[in-house]
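Here the structure comes first, spelled out in structure tokens, and everything after it is commentary.
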Amino acid sequence: MERWAGRVALVTGASVGIGNATARALVQHGMKVVGCARDVDKIRETAAELQQAGAAGQLYPVQCDLTVEAEIRAMFDNIEAEDGGVDVCINNAGLATQDRLLSGSMEAFRTMTEVNILAPTLCTQLAVQQMRKRGVDDGHIITLNSMSGHRVGGLAFYSMTKFATKALNDGLRMELKDMKSHIRTTCISPGRVETEFIPRIYKDDPQKARDLHAAMECLQAKDIADTVLFVLGAPPHVEVHDVLVRPTEQK
Ligand SMILES: NC(=O)c1ccc[n+]([C@@H]2O[C@H](COP(=O)([O-])OP(=O)(O)OC[C@H]3O[C@@H](n4cnc5c(N)ncnc54)[C@H](OP(=O)(O)O)[C@@H]3O)[C@@H](O)[C@H]2O)c1
């Protein structure tokens, strides 16, 4: 990870869960991390905690609603003005809802499409543009996929968005190779992780969320942050394509 010290990473969905753990890990390894989410106060708290603990890098909180294209573009413009551009883009923010294909609301499907597909696509496009403009050829795009991006689970529309994540990763790899770029692209596909993800799905039934977490020894956000470190720490000739990580007790 030494080569990443002092370089710029964007982590979307850095307020809680996997994104928060990843932002912490990258700051501890000396990176300048722009962490974005709607609840920017939580990122500010994390930034203060890291600074207090004397972390090698820095966390810069940014409020950004990823359903709003103008907010994403403004965030990238600010990063360019302040630091030149991103070297690493971690498309982490995501959500699922209980809406079923045959009865779900279009509003829920639209939000999942915007946050899980369109935002990572735009962030990837802007990140690669910033890398290429500065001649950065060792940049990295990492997108959070899911086991649900490999087989369709009970939340089928969410699965559809994660199958799209696989297509984003594969398509991006091909376009980068066509450009003779060495920018690398990776998906990480976790099984069940104990974060706010499941409680947010079942916000009307907190007991169900607790039961799902208690049903097995879940992965923790830090386990996925460690996977991010593994991916970024691979030598330049190694492109980790997709990492499937499941709890030992998950089928
Ligand atoms: N937990 C699991 O079991 C699991 C399994 C497989 C894959 N994943 C994937 O891992 C990723 C991270 O999930 P997690 O478990 O860490 O979930 P989480 O704890 O619910 O965190 C989700 C993050 O996404 C952000 N977010 C959601 N909507 C947003 C919006 N409109 N604009 C900006 N940020 C938004 C949230 O921030 P704000 O609410 O503050 O905006 C939050 O920081 C997701 O892509 C998820 O699909 C999770």
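Residues are named by chain letter and number: chains run A, B, ... in the order of the structure tokens, numbers start at 1 in each chain, and ligands are numbered from 1 in the order shown.
Using only C-alpha atoms, the contacts of Gly30 (chain A) at a cut-off of 10 Å, with sequence neighbours closer than 3 positions omitted, comprise Met1, Glu2, Arg3, Trp4, Ala5, Gly6, Arg7, Val8, Ala25, Leu26, Val27, Val33, Ala55, Ala56, Gly57, Gln58 and Leu59 of chain A.
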Where does region 47-152 of chain A meet region 199-213 of chain A within 12 Å, residue by residue, with the nearest atom pair and distance in Å to one decimal for each, counting only C-alpha atoms, listed by chain and rising number, as a Markdown table?
| residue | atom | partner | partner_atom | distance |
| --- | --- | --- | --- | --- |
| A:Gly94 | CA | A:Arg200 | CA | 11.1 |
| A:Leu95 | CA | A:Ile201 | CA | 7.9 |
| A:Ala96 | CA | A:Ile201 | CA | 6.1 |
| A:Thr97 | CA | A:Ile201 | CA | 5.0 |
| A:Gln98 | CA | A:Ile201 | CA | 6.2 |
| A:Asp99 | CA | A:Ile201 | CA | 9.5 |
| A:Ala108 | CA | A:Ile201 | CA | 11.3 |
| A:Met112 | CA | A:Ile201 | CA | 11.9 |
Atoms kept (N, CA and C atoms) for selection, written as a PDB file, in the first residue's frame:
ATOM      1  N   GLY A  94     -24.788   2.086  -1.958  1.00  0.00           N
ATOM      2  CA  GLY A  94     -25.799   1.243  -2.594  1.00  0.00           C
ATOM      3  C   GLY A  94     -26.913   0.965  -1.624  1.00  0.00           C
ATOM      4  N   LEU A  95     -28.024   0.512  -2.164  1.00  0.00           N
ATOM      5  CA  LEU A  95     -29.166   0.182  -1.315  1.00  0.00           C
ATOM      6  C   LEU A  95     -30.035  -0.867  -1.987  1.00  0.00           C
ATOM      7  N   ALA A  96     -30.846  -1.517  -1.144  1.00  0.00           N
ATOM      8  CA  ALA A  96     -31.885  -2.427  -1.646  1.00  0.00           C
ATOM      9  C   ALA A  96     -33.177  -2.069  -0.924  1.00  0.00           C
ATOM     10  N   THR A  97     -34.277  -2.435  -1.528  1.00  0.00           N
ATOM     11  CA  THR A  97     -35.570  -2.300  -0.858  1.00  0.00           C
ATOM     12  C   THR A  97     -36.294  -3.644  -0.980  1.00  0.00           C
ATOM     13  N   GLN A  98     -37.399  -3.746  -0.244  1.00  0.00           N
ATOM     14  CA  GLN A  98     -38.162  -5.012  -0.268  1.00  0.00           C
ATOM     15  C   GLN A  98     -39.027  -5.153  -1.520  1.00  0.00           C
ATOM     16  N   ASP A  99     -39.064  -4.119  -2.369  1.00  0.00           N
ATOM     17  CA  ASP A  99     -40.029  -4.124  -3.489  1.00  0.00           C
ATOM     18  C   ASP A  99     -39.819  -5.318  -4.419  1.00  0.00           C
ATOM     19  N   ALA A 108     -39.072   3.160  -6.060  1.00  0.00           N
ATOM     20  CA  ALA A 108     -37.990   2.390  -5.424  1.00  0.00           C
ATOM     21  C   ALA A 108     -37.027   1.859  -6.489  1.00  0.00           C
ATOM     22  N   MET A 112     -32.971   2.770  -6.786  1.00  0.00           N
ATOM     23  CA  MET A 112     -31.914   1.738  -6.857  1.00  0.00           C
ATOM     24  C   MET A 112     -31.120   1.873  -8.152  1.00  0.00           C
TER      25      MET A 112
END
Option closest in space to Asn91 (chain A), from A:Ala234, A:Leu122, A:Gly17, A:Ala70 [counting only C-alpha atoms]: A:Leu122
Distance criterion (only C-alpha atoms and all ligand atoms): nearest to ligand 1 out of A:Lys162, A:His29, A:His150, A:Arg73: A:Lys162
All strand (DSSP E or B) residues (DSSP, backbone) inside region 85-205 of chain A, as a ChimeraX atom specification: /A:88-91,140-144,184-190,193
Requested write-out: C-alpha atoms of the selected residues, as a short mmCIF file (atom, residue, chain, number, x, y, z; two decimals), in the first residue's frame:
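Saved the output as part30.cif:
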data_model
loop_
_atom_site.label_atom_id
_atom_site.label_comp_id
_atom_site.auth_asym_id
_atom_site.auth_seq_id
_atom_site.Cartn_x
_atom_site.Cartn_y
_atom_site.Cartn_z
CA VAL A 88 -8.71 5.64 -6.78
CA CYS A 89 -12.52 5.62 -7.05
CA ILE A 90 -14.46 3.29 -4.77
CA ASN A 91 -18.08 3.03 -5.89
CA HIS A 140 -8.01 1.95 -9.79
CA ILE A 141 -11.81 1.75 -9.95
CA ILE A 142 -13.38 -0.55 -7.37
CA THR A 143 -17.14 -1.15 -7.37
CA LEU A 144 -19.13 -2.95 -4.69
CA ARG A 184 -7.35 -1.32 -13.21
CA THR A 185 -10.95 -2.22 -12.44
CA THR A 186 -12.29 -4.57 -9.78
CA CYS A 187 -15.60 -5.72 -8.31
CA ILE A 188 -15.95 -6.92 -4.74
CA SER A 189 -18.92 -9.23 -4.17
CA PRO A 190 -19.71 -9.77 -0.50
CA VAL A 193 -22.24 -8.03 5.95
#
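For the atom pair formed by atom 31 (N, counted along the ligand's line) of ligand 1 and CA of Ala37 (chain A), the distance is 7.3 Å, given to one decimal.
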Give me, as CSV, the closest atom pair and its distance (Å, one decimal) for every residue of chain A within a cut-off of 7 Å of ligand 1, counting only C-alpha atoms and all ligand atoms, rows sorted by chain and rising number.
residue,atom,partner,partner_atom_place_in_ligand_line,distance
A:Thr12,CA,ligand 1,34 (N),6.3
A:Gly13,CA,ligand 1,43 (O),3.2
A:Ala14,CA,ligand 1,43 (O),4.7
A:Ser15,CA,ligand 1,43 (O),4.1
A:Val16,CA,ligand 1,43 (O),4.6
A:Gly17,CA,ligand 1,16 (O),3.5
A:Ile18,CA,ligand 1,16 (O),3.7
A:Gly19,CA,ligand 1,16 (O),5.6
A:Asn20,CA,ligand 1,43 (O),6.9
A:Cys36,CA,ligand 1,33 (C),6.7
A:Ala37,CA,ligand 1,34 (N),3.9
A:Arg38,CA,ligand 1,41 (O),3.6
A:Asp39,CA,ligand 1,40 (O),3.7
A:Val40,CA,ligand 1,40 (O),6.6
A:Cys64,CA,ligand 1,33 (C),5.6
A:Asp65,CA,ligand 1,32 (N),3.6
A:Leu66,CA,ligand 1,32 (N),3.8
A:Thr67,CA,ligand 1,31 (N),5.1
A:Asn92,CA,ligand 1,11 (C),4.8
A:Ala93,CA,ligand 1,24 (O),3.5
A:Gly94,CA,ligand 1,45 (O),3.5
A:Leu95,CA,ligand 1,47 (O),5.3
A:Ala96,CA,ligand 1,47 (O),6.8
A:Val115,CA,ligand 1,31 (N),5.7
A:Asn116,CA,ligand 1,45 (O),6.6
A:Leu144,CA,ligand 1,45 (O),4.9
A:Asn145,CA,ligand 1,7 (C),5.6
A:Ser146,CA,ligand 1,6 (C),3.9
A:Met147,CA,ligand 1,6 (C),6.1
A:Ser189,CA,ligand 1,6 (C),6.0
A:Pro190,CA,ligand 1,6 (C),4.4
A:Gly191,CA,ligand 1,5 (C),4.9
A:Arg192,CA,ligand 1,3 (O),3.6
A:Val193,CA,ligand 1,3 (O),3.7
A:Glu194,CA,ligand 1,1 (N),5.7
A:Thr195,CA,ligand 1,19 (O),4.3
A:Glu196,CA,ligand 1,19 (O),3.7
A:Phe197,CA,ligand 1,20 (O),3.3
A:Ile198,CA,ligand 1,1 (N),6.4
A:Arg200,CA,ligand 1,20 (O),6.3
A:Ala221,CA,ligand 1,16 (O),6.8
Same residues, C-alpha atoms, output as a compact mmCIF listing (two decimals), in the first residue's frame:
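Output below, filename result.txt:
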# COMPACT_ATOMS: atom_id res chain seq x y z
CA THR A 12 -18.94 6.91 -1.95
CA GLY A 13 -21.26 6.01 0.91
CA ALA A 14 -18.61 6.79 3.54
CA SER A 15 -21.05 7.69 6.34
CA VAL A 16 -21.57 4.14 7.64
CA GLY A 17 -20.90 0.48 6.87
CA ILE A 18 -18.40 -0.76 4.30
CA GLY A 19 -17.68 2.72 2.93
CA ASN A 20 -16.91 4.10 6.38
CA CYS A 36 -19.21 11.35 0.43
CA ALA A 37 -22.77 10.57 1.51
CA ARG A 38 -25.94 12.45 2.37
CA ASP A 39 -25.30 12.26 6.14
CA VAL A 40 -22.08 14.27 6.06
CA CYS A 64 -23.46 14.45 -1.98
CA ASP A 65 -26.76 12.83 -2.92
CA LEU A 66 -25.79 10.35 -5.62
CA THR A 67 -29.25 10.53 -7.18
CA ASN A 92 -19.47 1.70 -2.64
CA ALA A 93 -22.81 3.45 -1.94
CA GLY A 94 -25.80 1.24 -2.59
CA LEU A 95 -29.17 0.18 -1.31
CA ALA A 96 -31.88 -2.43 -1.65
CA VAL A 115 -27.65 4.92 -6.76
CA ASN A 116 -26.54 1.39 -7.72
CA LEU A 144 -19.13 -2.95 -4.69
CA ASN A 145 -21.04 -5.75 -6.28
CA SER A 146 -22.70 -8.52 -4.24
CA MET A 147 -23.37 -12.24 -4.22
CA SER A 189 -18.92 -9.23 -4.17
CA PRO A 190 -19.71 -9.77 -0.50
CA GLY A 191 -22.23 -12.09 1.05
CA ARG A 192 -24.03 -10.91 4.18
CA VAL A 193 -22.24 -8.03 5.95
CA GLU A 194 -23.47 -6.66 9.28
CA THR A 195 -24.00 -2.98 8.45
CA GLU A 196 -27.03 -0.70 8.13
CA PHE A 197 -27.82 -2.31 4.79
CA ILE A 198 -30.27 -4.97 6.07
CA ARG A 200 -32.50 -0.12 6.10
CA ALA A 221 -17.42 -3.96 7.29
DSSP helix (DSSP H, G or I) selection over region 39-200 of chain A, as a VMD selection string: chain A and resid 40 to 52 69 to 83 106 to 133 147 to 149 156 to 178 197 to 200
Go ahead and write the residues just picked, C-alpha atoms, as a tab-separated table (two decimals), in the first residue's frame.
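Just written: part-v3.tsv:
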chain	number	residue	atom	x	y	z
A	40	VAL	CA	-22.08	14.27	6.06
A	41	ASP	CA	-22.06	14.75	9.85
A	42	LYS	CA	-21.21	11.06	10.32
A	43	ILE	CA	-18.23	11.46	7.96
A	44	ARG	CA	-17.15	14.58	9.86
A	45	GLU	CA	-17.19	12.55	13.10
A	46	THR	CA	-15.04	9.86	11.48
A	47	ALA	CA	-12.62	12.49	10.15
A	48	ALA	CA	-12.25	14.03	13.61
A	49	GLU	CA	-11.70	10.60	15.17
A	50	LEU	CA	-9.00	9.72	12.62
A	51	GLN	CA	-7.26	13.05	13.12
A	52	GLN	CA	-7.39	12.61	16.90
A	69	GLU	CA	-26.10	14.27	-11.25
A	70	ALA	CA	-25.18	17.93	-10.61
A	71	GLU	CA	-23.99	17.09	-7.07
A	72	ILE	CA	-21.75	14.30	-8.40
A	73	ARG	CA	-20.26	16.60	-11.06
A	74	ALA	CA	-19.71	19.40	-8.52
A	75	MET	CA	-17.91	16.97	-6.19
A	76	PHE	CA	-15.52	15.90	-8.96
A	77	ASP	CA	-14.95	19.54	-10.00
A	78	ASN	CA	-14.01	20.37	-6.40
A	79	ILE	CA	-11.64	17.42	-6.16
A	80	GLU	CA	-9.96	18.55	-9.40
A	81	ALA	CA	-9.65	22.13	-8.14
A	82	GLU	CA	-8.26	21.08	-4.74
A	83	ASP	CA	-6.11	18.05	-5.54
A	106	MET	CA	-41.26	2.38	-9.76
A	107	GLU	CA	-39.96	5.02	-7.36
A	108	ALA	CA	-37.99	2.39	-5.42
A	109	PHE	CA	-36.71	0.81	-8.65
A	110	ARG	CA	-35.69	4.26	-9.93
A	111	THR	CA	-33.76	5.08	-6.73
A	112	MET	CA	-31.91	1.74	-6.86
A	113	THR	CA	-31.12	2.34	-10.52
A	114	GLU	CA	-29.80	5.82	-9.78
A	115	VAL	CA	-27.65	4.92	-6.76
A	116	ASN	CA	-26.54	1.39	-7.72
A	117	ILE	CA	-26.05	1.80	-11.50
A	118	LEU	CA	-26.07	5.39	-12.78
A	119	ALA	CA	-23.98	6.96	-9.98
A	120	PRO	CA	-21.16	4.37	-10.22
A	121	THR	CA	-21.22	4.76	-14.01
A	122	LEU	CA	-20.87	8.56	-13.83
A	123	CYS	CA	-18.28	8.43	-11.01
A	124	THR	CA	-16.27	5.92	-13.04
A	125	GLN	CA	-16.45	8.08	-16.16
A	126	LEU	CA	-15.36	11.25	-14.32
A	127	ALA	CA	-12.66	9.43	-12.32
A	128	VAL	CA	-11.08	7.90	-15.44
A	129	GLN	CA	-11.23	11.29	-17.21
A	130	GLN	CA	-9.38	12.90	-14.29
A	131	MET	CA	-6.78	10.13	-14.28
A	132	ARG	CA	-6.13	10.34	-18.01
A	133	LYS	CA	-6.00	14.14	-18.01
A	147	MET	CA	-23.37	-12.24	-4.22
A	148	SER	CA	-26.70	-10.99	-5.60
A	149	GLY	CA	-24.80	-9.90	-8.72
A	156	ALA	CA	-34.71	-9.51	-7.63
A	157	PHE	CA	-34.58	-5.84	-8.65
A	158	TYR	CA	-31.57	-5.30	-6.38
A	159	SER	CA	-29.99	-8.33	-8.10
A	160	MET	CA	-30.67	-6.69	-11.46
A	161	THR	CA	-28.70	-3.62	-10.36
A	162	LYS	CA	-25.82	-5.78	-9.16
A	163	PHE	CA	-25.75	-7.82	-12.40
A	164	ALA	CA	-25.33	-4.39	-14.01
A	165	THR	CA	-22.33	-3.78	-11.73
A	166	LYS	CA	-20.71	-6.88	-13.23
A	167	ALA	CA	-21.38	-5.48	-16.72
A	168	LEU	CA	-19.93	-2.10	-15.68
A	169	ASN	CA	-16.76	-3.79	-14.45
A	170	ASP	CA	-16.39	-5.99	-17.56
A	171	GLY	CA	-17.26	-3.22	-20.02
A	172	LEU	CA	-14.91	-0.77	-18.32
A	173	ARG	CA	-12.06	-3.29	-18.44
A	174	MET	CA	-12.56	-3.75	-22.18
A	175	GLU	CA	-12.72	0.01	-22.89
A	176	LEU	CA	-9.57	0.62	-20.81
A	177	LYS	CA	-7.68	-2.14	-22.65
A	178	ASP	CA	-8.81	-0.63	-25.98
A	197	PHE	CA	-27.82	-2.31	4.79
A	198	ILE	CA	-30.27	-4.97	6.07
A	199	PRO	CA	-31.83	-2.74	8.81
A	200	ARG	CA	-32.50	-0.12	6.10
Length of the CA of Phe230 (chain A) to CA of Asp138 (chain A) vector [Å]: 15.5 Å
Separation of CA of Val245 (chain A) from CA of Val231 (chain A), in Å and rounded to one decimal: 12.8 Å
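Nearest-residue note for Gly85 (chain A): choosing from A:Arg134, A:Leu219, A:His241, A:His182, the minimum distance belongs to A:Arg134, counting only C-alpha atoms.
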